[in-house]
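Accompanying notes for the structure given below.
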Amino acid sequence: MASPLPVPGKRFVIGLPYGWLTVFFLLPFLILLYISFVDQGESINPFKPIWDPETGILALKYENYWTIFRDGDLGELFQTIYIEAYLRSIWYALLTALLCLAFGYPFAYFIARSAPAVRPALLMMVMLPFWTSFLLRVYAWKGILADQGVINTLLMGLGLIDEPILMLYTNVSMLVGMTYVYLPFMVLPLYANLVKMDFRLLEAAYDLGTTPFKAFWLVTVPLSKAGIIAGFMLVFIPALGEFVIPSLLGGPENIMIGRVVWDEMFTSNNWPRASALAVVMILLIIVPLAIYYHYTGEQAEQR
């Protein structure tokens with residue numbers, strides 16, 4: 001039996017991830033939070049001081065947040081372009097996560113049920129796209145979906161259509177690109193969960209007269225709940241702030257929050273508002289996750 005780690009070693013092992021999160025998440029978030037309250041005015045410096053040491057006054061510009069939810073003093077509440085961008089981003093991120101789940105679950109289940117000697121090769125095929133540049137993969141879809149692209153050329157060559165089908169710069173092309181890019185993030189956690197499942201439980205369900213679909217729904221899906229949630233979060237969170245794919249494959253009306261933050265920061269040079277938009281987006285992700293894990297943790301303790 002291995003001896004437990006000494007106290008300094010245990011503190012180092014525990015402190016290493018906390019230090020990583022502090023340096024690469026907490027500090028950047030605090031910098032964003034600071035900039036979001038700065039009154040930049042006509043200055044190009046987004047790091048202007050918000051505290052006057054002579055008067056001791058802390059000058060925080062709350063308008064950077066207020067304008068996200070209301071356009072001016074006379075505008076209606078929650079009727080701004082920023083709220084529309086948030087809702088559109090949540091909608092497309094949710095659709096992307098659901099599509100990745102629909103396509104990724106059969107992939108993960110097939111790999112988990114395959115022979116152990118074949119699984120490494122199948123997993124390698126899932127991870128193979130990561131060996132290619134992200135931008136190159138997105139641009140490849142532009143060549144596939146364009147009016148003179150692979151699909152339209154093939155369909156016109158077969159005589160199935162007379163003129164190209166508009167596929168690029170639409171909602172469909174954007175969802176196709178996002179689903180393709182984030183599909184491995186759904187497959188891998190699902191596979192890690194399904195491969196540990198005892199498939200004898202399915203045999204027992206069959207022996208009791210259950211149909212294959214009912215056994216899958218009542219046995220396999222509940223046992224893979226942790227993998228579904230992990231994969232859903234791994235897809236939904238980055239898709240929510242996606243910037244490249246909507247810009248390259250989406251239409252001009254599909255302005256998601258990532259594009260809005262980019263425009264505010266680099267086109268309008270309004271770093272405080274861009275930082276406020278980013279802070280609100282982070283809170284939209286963290287607060288529901290914290291509430292979920294709080295209640296699931298309480299339920300686990302009660303069991």
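Chain identifiers are assigned as A, B, and so on, following the order in which chains appear in the structure tokens; residues are numbered from 1 within each chain, and ligands are numbered from 1 in order of appearance.
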Practice problem: Write down as a ChimeraX atom specification the residues of region 27-134 of chain A whose backbone DSSP state falls under alpha helix (DSSP H). | Solution: /A:27-35,63-69,81-113,119-127,134
Assign secondary structure with DSSP using the backbone only, and return the residues of region 50-91 of chain A in strand (DSSP E or B) as an mmCIF file with all heavy atoms, in the first residue's frame.
```cif
data_model
loop_
_atom_site.group_PDB
_atom_site.id
_atom_site.type_symbol
_atom_site.label_atom_id
_atom_site.label_comp_id
_atom_site.auth_asym_id
_atom_site.auth_seq_id
_atom_site.Cartn_x
_atom_site.Cartn_y
_atom_site.Cartn_z
ATOM 1 N N TRP A 51 -9.589 55.396 -8.842
ATOM 2 C CA TRP A 51 -9.567 55.921 -7.471
ATOM 3 C C TRP A 51 -8.656 57.127 -7.418
ATOM 4 O O TRP A 51 -7.507 57.089 -7.882
ATOM 5 C CB TRP A 51 -9.069 54.851 -6.494
ATOM 6 C CG TRP A 51 -9.030 55.320 -5.066
ATOM 7 C CD1 TRP A 51 -10.085 55.674 -4.288
ATOM 8 C CD2 TRP A 51 -7.856 55.505 -4.265
ATOM 9 N NE1 TRP A 51 -9.670 56.058 -3.034
ATOM 10 C CE2 TRP A 51 -8.286 55.959 -2.997
ATOM 11 C CE3 TRP A 51 -6.495 55.329 -4.499
ATOM 12 C CZ2 TRP A 51 -7.399 56.237 -1.961
ATOM 13 C CZ3 TRP A 51 -5.610 55.606 -3.457
ATOM 14 C CH2 TRP A 51 -6.059 56.056 -2.214
ATOM 15 N N ASP A 52 -9.169 58.222 -6.874
ATOM 16 C CA ASP A 52 -8.403 59.455 -6.730
ATOM 17 C C ASP A 52 -7.775 59.468 -5.341
ATOM 18 O O ASP A 52 -8.490 59.583 -4.339
ATOM 19 C CB ASP A 52 -9.313 60.670 -6.912
ATOM 20 C CG ASP A 52 -8.523 61.977 -6.986
ATOM 21 O OD1 ASP A 52 -7.315 61.932 -6.679
ATOM 22 O OD2 ASP A 52 -9.107 63.005 -7.344
ATOM 23 N N ILE A 57 -11.973 59.428 -3.574
ATOM 24 C CA ILE A 57 -13.226 59.072 -4.248
ATOM 25 C C ILE A 57 -12.967 57.928 -5.222
ATOM 26 O O ILE A 57 -12.021 57.968 -6.012
ATOM 27 C CB ILE A 57 -13.818 60.281 -4.993
ATOM 28 C CG1 ILE A 57 -14.163 61.387 -3.999
ATOM 29 C CG2 ILE A 57 -15.064 59.863 -5.788
ATOM 30 C CD1 ILE A 57 -14.664 62.653 -4.664
ATOM 31 N N LEU A 58 -13.825 56.912 -5.167
ATOM 32 C CA LEU A 58 -13.763 55.780 -6.091
ATOM 33 C C LEU A 58 -14.780 56.028 -7.197
ATOM 34 O O LEU A 58 -15.991 55.949 -6.976
ATOM 35 C CB LEU A 58 -14.073 54.471 -5.359
ATOM 36 C CG LEU A 58 -13.917 53.174 -6.158
ATOM 37 C CD1 LEU A 58 -12.464 52.962 -6.556
ATOM 38 C CD2 LEU A 58 -14.421 51.986 -5.357
ATOM 39 N N ARG A 70 -30.045 48.671 -21.455
ATOM 40 C CA ARG A 70 -30.981 49.717 -21.855
ATOM 41 C C ARG A 70 -30.261 50.715 -22.742
ATOM 42 O O ARG A 70 -29.170 51.185 -22.412
ATOM 43 C CB ARG A 70 -31.555 50.426 -20.627
ATOM 44 C CG ARG A 70 -32.660 51.420 -20.948
ATOM 45 C CD ARG A 70 -33.316 51.930 -19.686
ATOM 46 N NE ARG A 70 -34.420 52.821 -19.972
ATOM 47 C CZ ARG A 70 -35.213 53.354 -19.039
ATOM 48 N NH1 ARG A 70 -35.003 53.069 -17.767
ATOM 49 N NH2 ARG A 70 -36.203 54.148 -19.379
ATOM 50 N N LEU A 77 -36.153 48.568 -21.602
ATOM 51 C CA LEU A 77 -35.263 47.656 -20.903
ATOM 52 C C LEU A 77 -35.153 46.342 -21.678
ATOM 53 O O LEU A 77 -36.156 45.823 -22.173
ATOM 54 C CB LEU A 77 -35.775 47.404 -19.484
ATOM 55 C CG LEU A 77 -34.793 46.749 -18.499
ATOM 56 C CD1 LEU A 77 -33.568 47.651 -18.294
ATOM 57 C CD2 LEU A 77 -35.486 46.482 -17.168
#
```
For Val261 (chain A), which residue among A:Phe110, A:Tyr292, A:Tyr82, A:Phe213 is the nearest when counting only C-alpha atoms?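 Closest to Val261 (chain A) of all the choices is A:Tyr82.
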Pick out the closest residue to Leu248 (chain A) from this set: A:Thr96, A:Thr80, A:Ser133, A:Ser173. Count only C-alpha atoms.
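Among the listed residues, A:Ser173 lies closest to Leu248 (chain A).
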Of A:Leu135, A:Leu122, A:Leu166, A:Ala239, the one nearest to Gln148 (chain A) when counting only C-alpha atoms is A:Leu166
| task | For Lys142 (chain A), please output as a PyMOL selection string all residues within 7 Å (counting only C-alpha atoms; exclusion window: fewer than 3 positions along the same chain). | result | chain A and resi 138-139+145-146+168+249
Would you mind exporting the chosen residues as an mmCIF file, in the first residue's frame, restricted to N, CA, C and O atoms?
```cif
data_model
loop_
_atom_site.group_PDB
_atom_site.id
_atom_site.type_symbol
_atom_site.label_atom_id
_atom_site.label_comp_id
_atom_site.auth_asym_id
_atom_site.auth_seq_id
_atom_site.Cartn_x
_atom_site.Cartn_y
_atom_site.Cartn_z
ATOM 1 N N VAL A 138 -12.002 25.625 -40.933
ATOM 2 C CA VAL A 138 -13.166 26.475 -41.191
ATOM 3 C C VAL A 138 -13.175 26.943 -42.646
ATOM 4 O O VAL A 138 -14.223 26.941 -43.311
ATOM 5 N N TYR A 139 -12.009 27.326 -43.163
ATOM 6 C CA TYR A 139 -11.927 27.745 -44.567
ATOM 7 C C TYR A 139 -12.241 26.586 -45.505
ATOM 8 O O TYR A 139 -12.763 26.792 -46.610
ATOM 9 N N LEU A 145 -19.061 24.494 -49.042
ATOM 10 C CA LEU A 145 -20.430 25.020 -49.070
ATOM 11 C C LEU A 145 -20.631 26.189 -50.031
ATOM 12 O O LEU A 145 -21.758 26.653 -50.189
ATOM 13 N N ALA A 146 -19.576 26.668 -50.674
ATOM 14 C CA ALA A 146 -19.701 27.831 -51.561
ATOM 15 C C ALA A 146 -20.564 27.499 -52.782
ATOM 16 O O ALA A 146 -20.846 26.334 -53.076
ATOM 17 N N LEU A 168 -23.696 28.806 -48.150
ATOM 18 C CA LEU A 168 -22.707 29.575 -47.405
ATOM 19 C C LEU A 168 -23.310 30.881 -46.905
ATOM 20 O O LEU A 168 -24.213 31.442 -47.526
ATOM 21 N N LEU A 249 -18.446 31.849 -41.710
ATOM 22 C CA LEU A 249 -19.493 31.023 -42.301
ATOM 23 C C LEU A 249 -20.895 31.595 -42.125
ATOM 24 O O LEU A 249 -21.801 31.219 -42.870
#
```
Find the spatial neighbours of region 188-192 of chain A, counting only C-alpha atoms, within a cut-off of 12 Å - ignore same-chain residues fewer than 5 positions away - and output them as a PDB file with C-alpha atoms, in the first residue's frame.
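What landed in around_3.pdb:
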```
ATOM      1  CA  CYS A 100     -23.019  17.511 -31.188  1.00  0.00           C
ATOM      2  CA  LEU A 101     -24.862  15.307 -28.691  1.00  0.00           C
ATOM      3  CA  ALA A 102     -27.052  13.814 -31.425  1.00  0.00           C
ATOM      4  CA  PHE A 103     -24.058  12.997 -33.640  1.00  0.00           C
ATOM      5  CA  GLY A 104     -21.502  12.385 -30.918  1.00  0.00           C
ATOM      6  CA  TYR A 105     -23.419   9.901 -28.765  1.00  0.00           C
ATOM      7  CA  PRO A 106     -23.565   7.187 -31.469  1.00  0.00           C
ATOM      8  CA  PHE A 107     -19.872   7.783 -32.181  1.00  0.00           C
ATOM      9  CA  ALA A 108     -18.912   7.420 -28.520  1.00  0.00           C
ATOM     10  CA  TYR A 109     -21.177   4.408 -28.025  1.00  0.00           C
ATOM     11  CA  PHE A 110     -19.744   2.656 -31.068  1.00  0.00           C
ATOM     12  CA  ILE A 111     -16.163   3.260 -29.918  1.00  0.00           C
ATOM     13  CA  ALA A 112     -16.962   2.069 -26.388  1.00  0.00           C
ATOM     14  CA  ARG A 113     -18.521  -1.146 -27.721  1.00  0.00           C
ATOM     15  CA  SER A 114     -15.672  -1.803 -30.171  1.00  0.00           C
ATOM     16  CA  ARG A 119     -10.348   1.694 -29.814  1.00  0.00           C
ATOM     17  CA  PRO A 120      -7.011   3.584 -29.991  1.00  0.00           C
ATOM     18  CA  LEU A 122     -10.905   5.076 -33.544  1.00  0.00           C
ATOM     19  CA  LEU A 123      -9.999   7.640 -30.881  1.00  0.00           C
ATOM     20  CA  MET A 124      -7.117   8.794 -33.070  1.00  0.00           C
ATOM     21  CA  MET A 125      -9.575   9.416 -35.909  1.00  0.00           C
ATOM     22  CA  VAL A 126     -11.725  11.525 -33.574  1.00  0.00           C
ATOM     23  CA  MET A 127      -8.711  13.612 -32.492  1.00  0.00           C
ATOM     24  CA  TYR A 182     -16.818  21.047 -31.443  1.00  0.00           C
ATOM     25  CA  LEU A 183     -17.937  17.457 -32.088  1.00  0.00           C
ATOM     26  CA  MET A 197     -20.107   1.049 -18.186  1.00  0.00           C
ATOM     27  CA  THR A 220     -27.404   3.380 -20.889  1.00  0.00           C
ATOM     28  CA  VAL A 221     -28.543   7.004 -20.922  1.00  0.00           C
ATOM     29  CA  LEU A 223     -25.454   5.764 -16.593  1.00  0.00           C
ATOM     30  CA  SER A 224     -23.890   8.161 -19.105  1.00  0.00           C
ATOM     31  CA  LYS A 225     -25.466  11.272 -17.570  1.00  0.00           C
ATOM     32  CA  ALA A 226     -22.131  12.585 -16.271  1.00  0.00           C
ATOM     33  CA  GLY A 227     -20.556  12.273 -19.729  1.00  0.00           C
ATOM     34  CA  ILE A 228     -23.529  14.019 -21.365  1.00  0.00           C
ATOM     35  CA  ILE A 229     -23.305  16.962 -18.958  1.00  0.00           C
ATOM     36  CA  ALA A 230     -19.522  17.234 -19.311  1.00  0.00           C
ATOM     37  CA  GLY A 231     -19.680  17.092 -23.110  1.00  0.00           C
ATOM     38  CA  PHE A 232     -22.566  19.550 -23.212  1.00  0.00           C
ATOM     39  CA  MET A 233     -20.634  22.071 -21.119  1.00  0.00           C
ATOM     40  CA  LEU A 234     -17.416  21.573 -23.128  1.00  0.00           C
ATOM     41  CA  VAL A 235     -19.347  22.411 -26.310  1.00  0.00           C
TER      42      VAL A 235
END
```
- Message: Residues within 12 Å of Ile44 (chain A), please, as a ChimeraX atom specification. Count only C-alpha atoms; anything in the same chain fewer than 3 positions from it doesn't count.
- Response: /A:38-41,47-48,265-266,268-272
From CA of Ile83 (chain A) to CA of Asp263 (chain A) the spacing works out at 15.4 Å
Please determine, counting only C-alpha atoms, which residue among A:Ile285, A:Ile14, A:Ala205, A:Ala115 has the shortest atom-to-atom distance to Pro238 (chain A).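 With only C-alpha atoms as the atom set, the closest residue is A:Ile285.
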Please compute the CA of Ile90 (chain A)-CA of Gly177 (chain A) distance, one decimal, in Å.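 Computing the Euclidean distance for CA of Ile90 (chain A) and CA of Gly177 (chain A) yields 16.4 Å.
Nearest-residue note for Met174 (chain A): choosing from A:Tyr65, A:Tyr92, A:Leu289, A:Ile35, the minimum distance belongs to A:Tyr92, counting only C-alpha atoms.
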Residue nearest Ala276 (chain A) among A:Ala97, A:Val150, A:Ile68, A:Leu155 (counting only C-alpha atoms):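 Among the listed residues, the smallest separation from Ala276 (chain A) belongs to A:Ile68.
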